[in-house]
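Dropping data-v1.txt in here (compact mmCIF, C-alpha atoms):
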# COMPACT_ATOMS: atom_id res chain seq x y z
CA ASP A 1 -5.64 -2.47 -22.06
CA LEU A 2 -2.62 -4.75 -22.11
CA ILE A 3 -1.85 -5.98 -18.59
CA GLU A 4 0.92 -8.48 -19.29
CA CYS A 5 2.70 -9.98 -22.27
CA ASN A 6 4.80 -13.02 -21.44
CA VAL A 7 5.07 -16.71 -22.29
CA ARG A 8 3.66 -18.08 -19.06
CA ALA A 9 0.02 -18.35 -18.03
CA ALA A 10 -0.10 -15.46 -15.56
CA ARG A 11 -2.79 -15.18 -12.89
CA SER A 12 -4.01 -12.01 -14.61
CA PHE A 13 -5.18 -14.21 -17.49
CA PRO A 14 -8.08 -16.00 -15.72
CA PHE A 15 -8.87 -12.74 -13.86
CA VAL A 16 -9.41 -10.86 -17.12
CA SER A 17 -11.52 -13.77 -18.43
CA LYS A 18 -13.67 -13.64 -15.30
CA VAL A 19 -14.17 -9.86 -15.41
CA THR A 20 -14.98 -9.67 -19.14
CA GLY A 21 -16.95 -12.92 -19.34
CA ILE A 22 -14.79 -13.98 -22.29
CA ASP A 23 -12.92 -17.28 -21.95
CA ALA A 24 -9.48 -16.06 -23.09
CA ILE A 25 -7.91 -19.35 -21.96
CA GLU A 26 -10.09 -21.38 -24.34
CA LEU A 27 -9.35 -18.91 -27.16
CA ALA A 28 -5.59 -19.14 -26.55
CA THR A 29 -5.71 -22.95 -26.39
CA ASP A 30 -7.55 -23.13 -29.72
CA VAL A 31 -4.96 -20.80 -31.29
CA MET A 32 -2.08 -22.97 -30.06
CA LEU A 33 -3.78 -26.11 -31.38
CA GLY A 34 -4.39 -24.46 -34.76
CA LEU A 35 -8.15 -24.78 -34.45
CA PRO A 36 -10.46 -22.26 -36.15
CA ILE A 37 -11.60 -19.48 -33.80
CA GLU A 38 -13.92 -16.49 -33.88
CA PRO A 39 -12.22 -13.09 -33.49
CA TYR A 40 -12.03 -11.84 -29.90
CA PRO A 41 -15.64 -10.89 -29.13
CA ALA A 42 -16.71 -7.49 -27.76
CA SER A 43 -17.09 -7.57 -23.97
CA ASN A 44 -19.88 -4.95 -23.76
CA LEU A 45 -19.23 -4.30 -20.08
CA PRO A 46 -21.56 -1.87 -18.28
CA PRO A 47 -19.91 1.41 -17.15
CA ASP A 48 -20.54 0.73 -13.43
CA TYR A 49 -18.74 -2.62 -13.39
CA VAL A 50 -15.09 -2.72 -12.30
CA GLY A 51 -12.96 -5.67 -11.19
CA ILE A 52 -9.79 -5.17 -9.13
CA LYS A 53 -7.25 -7.76 -8.04
CA VAL A 54 -5.30 -7.03 -4.85
CA PRO A 55 -2.27 -9.06 -3.68
CA GLN A 56 -2.09 -10.79 -0.32
CA PHE A 57 1.25 -11.01 1.47
CA SER A 58 2.66 -13.33 4.11
CA PHE A 59 5.13 -10.92 5.72
CA GLY A 60 3.49 -11.58 9.10
CA ARG A 61 4.54 -15.24 8.85
CA LEU A 62 8.05 -14.48 7.61
CA ALA A 63 9.94 -13.30 10.69
CA GLY A 64 12.42 -10.55 9.88
CA ALA A 65 11.44 -10.12 6.22
CA ASP A 66 11.36 -6.48 5.08
CA PRO A 67 7.75 -5.85 3.96
CA ILE A 68 8.69 -3.83 0.91
CA LEU A 69 8.15 -4.64 -2.74
CA GLY A 70 10.72 -4.88 -5.51
CA VAL A 71 10.50 -6.49 -8.94
CA GLU A 72 10.18 -10.05 -7.66
CA MET A 73 6.84 -11.79 -7.04
CA ALA A 74 6.20 -11.39 -3.31
CA SER A 75 2.46 -12.00 -3.05
CA THR A 76 1.25 -15.40 -1.89
CA GLY A 77 -2.22 -14.98 -3.31
CA GLU A 78 -4.72 -12.46 -4.51
CA VAL A 79 -8.29 -11.37 -3.90
CA ALA A 80 -10.49 -10.18 -6.76
CA CYS A 81 -13.49 -7.99 -6.04
CA PHE A 82 -16.07 -6.08 -8.04
CA GLY A 83 -17.58 -2.64 -7.53
CA LYS A 84 -19.42 0.15 -9.28
CA ASP A 85 -16.09 2.00 -9.71
CA LYS A 86 -12.39 1.36 -9.02
CA TYR A 87 -12.61 2.94 -5.55
CA GLU A 88 -15.39 0.64 -4.31
CA ALA A 89 -13.77 -2.43 -5.86
CA TYR A 90 -10.37 -1.52 -4.33
CA LEU A 91 -11.76 -1.05 -0.81
CA LYS A 92 -13.69 -4.33 -1.03
CA ALA A 93 -10.56 -6.15 -2.16
CA LEU A 94 -8.42 -4.64 0.63
CA LEU A 95 -11.05 -5.58 3.23
CA SER A 96 -11.08 -9.11 1.80
CA THR A 97 -7.33 -9.46 2.40
CA GLY A 98 -7.95 -8.71 6.10
CA MET A 99 -6.95 -5.04 6.08
CA THR A 100 -8.82 -2.87 8.59
CA MET A 101 -9.92 0.64 7.67
CA PRO A 102 -8.15 3.42 9.63
CA LYS A 103 -10.35 5.06 12.28
CA LYS A 104 -8.27 7.95 13.58
CA ASN A 105 -4.46 8.04 13.39
CA VAL A 106 -2.35 7.86 10.21
CA LEU A 107 1.47 7.76 10.28
CA LEU A 108 3.49 8.96 7.27
CA SER A 109 7.15 8.49 6.40
CA ILE A 110 7.96 9.60 2.84
CA GLY A 111 11.57 9.44 1.69
CA SER A 112 11.81 11.33 -1.59
CA PHE A 113 10.82 14.96 -2.15
CA LYS A 114 9.03 13.98 -5.39
CA GLU A 115 6.75 11.59 -3.50
CA LYS A 116 6.20 14.12 -0.70
CA LEU A 117 4.86 16.51 -3.35
CA GLU A 118 2.82 13.75 -5.01
CA MET A 119 1.25 12.72 -1.68
CA LEU A 120 0.49 16.25 -0.43
CA PRO A 121 -3.07 16.53 -1.85
CA SER A 122 -3.90 13.08 -0.43
CA VAL A 123 -2.56 14.02 3.02
CA GLN A 124 -4.55 17.27 2.92
CA LYS A 125 -7.60 15.14 2.11
CA LEU A 126 -6.90 12.88 5.11
CA HIS A 127 -6.71 15.96 7.35
CA ALA A 128 -9.98 17.31 5.90
CA LEU A 129 -11.61 13.92 6.66
CA GLY A 130 -10.68 14.36 10.33
CA TYR A 131 -7.73 11.98 10.61
CA ASN A 132 -4.87 12.80 12.99
CA ILE A 133 -1.64 12.96 10.99
CA PHE A 134 1.64 11.72 12.48
CA ALA A 135 4.94 11.84 10.56
CA THR A 136 8.68 11.25 10.84
CA ALA A 137 11.23 14.08 10.73
CA GLY A 138 11.53 15.15 7.08
CA THR A 139 7.90 14.40 6.28
CA SER A 140 6.69 16.29 9.34
CA ASP A 141 8.67 19.41 8.38
CA PHE A 142 7.37 19.26 4.82
CA LEU A 143 3.72 18.91 5.88
CA GLN A 144 3.99 21.73 8.43
CA GLU A 145 5.47 23.99 5.74
CA HIS A 146 2.38 23.26 3.64
CA GLY A 147 -0.14 23.99 6.38
CA VAL A 148 -1.03 20.43 7.45
CA PRO A 149 -1.25 20.00 11.26
CA VAL A 150 1.02 17.08 12.10
CA LYS A 151 2.52 15.44 15.19
CA TYR A 152 6.20 14.53 14.89
CA LEU A 153 7.30 11.02 15.86
CA GLU A 154 10.86 9.69 16.00
CA ALA A 155 12.19 6.13 15.94
CA LEU A 156 14.38 6.41 19.03
CA GLU A 157 17.68 4.55 18.91
CA ASP A 158 17.56 3.56 22.59
CA GLU A 159 13.94 3.17 23.61
CA ASP A 160 14.63 2.26 27.24
CA GLU A 161 16.81 5.28 27.82
CA GLY A 162 14.36 7.73 26.29
CA LYS A 163 11.12 6.10 27.42
CA SER A 164 10.31 8.34 30.36
CA GLN A 165 10.96 11.70 28.70
CA LYS A 166 10.21 10.99 25.05
CA SER A 167 7.41 8.41 24.92
CA GLU A 168 4.96 10.93 23.42
CA TYR A 169 7.37 11.35 20.47
CA SER A 170 8.29 7.67 20.13
CA LEU A 171 7.23 6.11 16.84
CA ASN A 172 8.02 2.62 18.18
CA GLN A 173 5.75 3.02 21.21
CA HIS A 174 2.91 4.45 19.15
CA ILE A 175 3.05 1.35 16.95
CA ALA A 176 3.49 -1.08 19.86
CA ASN A 177 0.56 0.43 21.78
CA ASN A 178 -1.78 0.29 18.75
CA LEU A 179 -2.05 4.07 18.54
CA ILE A 180 -1.53 4.02 14.74
CA ASP A 181 -4.33 2.79 12.43
CA LEU A 182 -2.46 3.07 9.12
CA TYR A 183 1.24 3.43 8.28
CA ILE A 184 2.21 4.84 4.88
CA ASN A 185 5.96 4.26 4.49
CA LEU A 186 7.48 5.26 1.14
CA PRO A 187 11.26 4.80 1.22
CA SER A 188 13.58 6.65 -1.14
CA LYS A 189 14.20 4.58 -4.27
CA ASN A 190 17.92 4.18 -3.49
CA ARG A 191 17.08 2.48 -0.18
CA TYR A 192 15.13 -0.43 -1.67
CA ARG A 193 18.14 -2.70 -2.02
CA ARG A 194 20.18 -2.40 1.16
CA PRO A 195 22.08 -5.51 2.33
CA ALA A 196 20.06 -7.72 4.67
CA SER A 197 22.29 -6.75 7.62
CA TYR A 198 21.41 -3.07 7.24
CA MET A 199 18.87 -2.49 10.03
CA SER A 200 17.62 0.96 9.07
CA LYS A 201 15.00 2.85 11.09
CA GLY A 202 12.69 2.47 8.11
CA TYR A 203 13.09 -1.30 8.07
CA ARG A 204 12.53 -1.56 11.84
CA SER A 205 9.37 0.55 11.75
CA ARG A 206 7.94 -1.35 8.75
CA ARG A 207 8.69 -4.64 10.44
CA MET A 208 7.04 -3.44 13.68
CA ALA A 209 3.91 -2.46 11.75
CA VAL A 210 3.64 -5.98 10.32
CA ASP A 211 4.35 -7.62 13.69
CA PHE A 212 1.66 -5.52 15.40
CA ALA A 213 -0.86 -6.06 12.56
CA ILE A 214 -1.00 -2.38 11.56
CA PRO A 215 -2.02 -1.83 7.91
CA LEU A 216 1.11 -0.88 5.96
CA VAL A 217 1.25 0.79 2.52
CA THR A 218 4.63 1.09 0.77
CA ASN A 219 3.60 2.22 -2.73
CA VAL A 220 2.69 5.83 -3.57
CA LYS A 221 0.06 4.97 -6.21
CA CYS A 222 -1.68 2.53 -3.86
CA ALA A 223 -1.59 5.10 -1.03
CA LYS A 224 -3.22 7.77 -3.24
CA LEU A 225 -5.89 5.36 -4.51
CA PHE A 226 -6.65 4.14 -0.97
CA ILE A 227 -7.04 7.66 0.43
CA GLU A 228 -9.27 8.71 -2.49
CA ALA A 229 -11.38 5.60 -1.90
CA LEU A 230 -11.68 6.44 1.82
CA ALA A 231 -12.75 9.97 0.95
CA ARG A 232 -15.45 8.73 -1.41
Structure translated into structure tokens:
Amino acid sequence: DLIECNVRAARSFPFVSKVTGIDAIELATDVMLGLPIEPYPASNLPPDYVGIKVPQFSFGRLAGADPILGVEMASTGEVACFGKDKYEAYLKALLSTGMTMPKKNVLLSIGSFKEKLEMLPSVQKLHALGYNIFATAGTSDFLQEHGVPVKYLEALEDEDEGKSQKSEYSLNQHIANNLIDLYINLPSKNRYRRPASYMSKGYRSRRMAVDFAIPLVTNVKCAKLFIEALAR
């Protein structure tokens, strides 16, 4: 598989060398120097041997930064782990970055209808595993329509005003009181590039999750892989 093709020495390069046991860096250096080389040797990896590299982020140290990923390099490091399959390797790598596994309560906020549909089997799996599902408005309606028991939470505009009557529905208070073990927040694609001054509810809730050290997932493929790994 081709992971990257660019003119710089990417961090994937030594990772692939480590996983396959083939020193691709030495091979590439010999090619650039015009030295004779053997063709790329067969790796002969066993079937129950998978390496996964997971990024580590510093959003917790960057006050106010929106913990969401675009095309730019946002990770400040990576952890590589091995397992008998991709699910074991992925969980090991996430644990190594300091992520804690969810015990009970999972909060979902999924912007686009396409991703709601894509996530539905995974959410049904979470429910079958015994997790309590919490969700914001549109996501909550969608899950209820598809037979998933869910508790609706709202990011209240004025927390102080609504605290007494609405605390059981307050997303902010659930996060602040450590009642959420995992937050899966998948914004609509057209919301990725708002101006910095745009303090959306989505931004505020993502930022709260980081500030209160709640595991946050903002990518649909990662969310599906993580849930499958938990199930296994």
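Distance annotation: of A:Leu108, A:Ile52, A:Gly138, A:Ala128, the residue with the minimal separation from A:Leu171 is A:Leu108; atom set is only C-alpha atoms.
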Would you compute an axis-aligned box for stretch 198-216 of chain A, covering every atom listed for it in the file with 3 Å of margin on each side, and report centre and edge lengths in Å to one decimal as AutoDock Vina command-line options?
--center_x 9.7 --center_y -2.4 --center_z 10.7 --size_x 29.4 --size_y 16.5 --size_z 15.4
Counting only C-alpha atoms, which of A:Glu115, A:Val50, A:Thr136, A:Ile184 gets nearest to A:Asp85?
-> A:Val50
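Among the candidates A:Ala135, A:Lys201, A:Tyr49, A:Leu35, the residue lying nearest to A:Tyr87 is A:Tyr49 (atoms considered: only C-alpha atoms).
For A:Arg11, the list of residues within 12 Å, based on only C-alpha atoms and with local chain neighbours fewer than 3 positions off taken out, reads A:Ile3, A:Glu4, A:Asn6, A:Arg8, A:Pro14, A:Phe15, A:Val16, A:Ser17, A:Lys18, A:Ile25, A:Lys53, A:Val54, A:Pro55, A:Met73, A:Ser75, A:Thr76, A:Gly77, A:Glu78, A:Val79, A:Ala80.
Shortest atom-to-atom contact with A:Asn219 among A:Cys81, A:Leu2, A:Met119, A:Val106: A:Met119, counting all atoms listed in the file.
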Need the shell around A:Leu91: protein/DNA/RNA residues with any atom at most 8 Å away, counting all atoms listed in the file. Skip same-chain ones fewer than 6 positions apart. Format as a PDB file with C-alpha atoms, in the coordinates of the input?
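Result file is part.pdb:
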ATOM      1  CA  PHE A 226      -6.650   4.140  -0.970  1.00  0.00           C
ATOM      2  CA  ALA A 229     -11.380   5.600  -1.900  1.00  0.00           C
ATOM      3  CA  LEU A 230     -11.680   6.440   1.820  1.00  0.00           C
TER       4      LEU A 230
END
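Minimum distance to A:Ala137 across A:Pro36, A:Gly202, A:Gly83, A:Pro102 (counting only C-alpha atoms) occurs at A:Gly202.
Proximity of A:Leu153, A:Gly147, A:Leu107, A:Ala213 to A:Pro121, computed with only C-alpha atoms, is greatest for A:Gly147.
The spacing separating atom CA of A:Gly98 from atom CA of A:Gly111 amounts to 27.0 Å.
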Fewer than 5 positions away in the same chain doesn't count, so skip those; otherwise give me all residues within 12 Å of A:Leu143, counting all atoms listed in the file, as a ChimeraX atom specification.
-> /A:108-110,113,116-117,119-124,127,133-138,148-152
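Taking atom CA of A:Lys103 and atom CA of A:Leu216 as endpoints, the distance between them is 14.4 Å.
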Neighbour list for A:Leu45 as a PyMOL selection string, cut-off 9 Å, all atoms listed in the file, skip fewer than 5 positions in-chain = chain A and resi 19-21+50
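Atom CA of A:Asp181 to atom CA of A:Met99 spans 10.4 Å [interatomic distance, one decimal].
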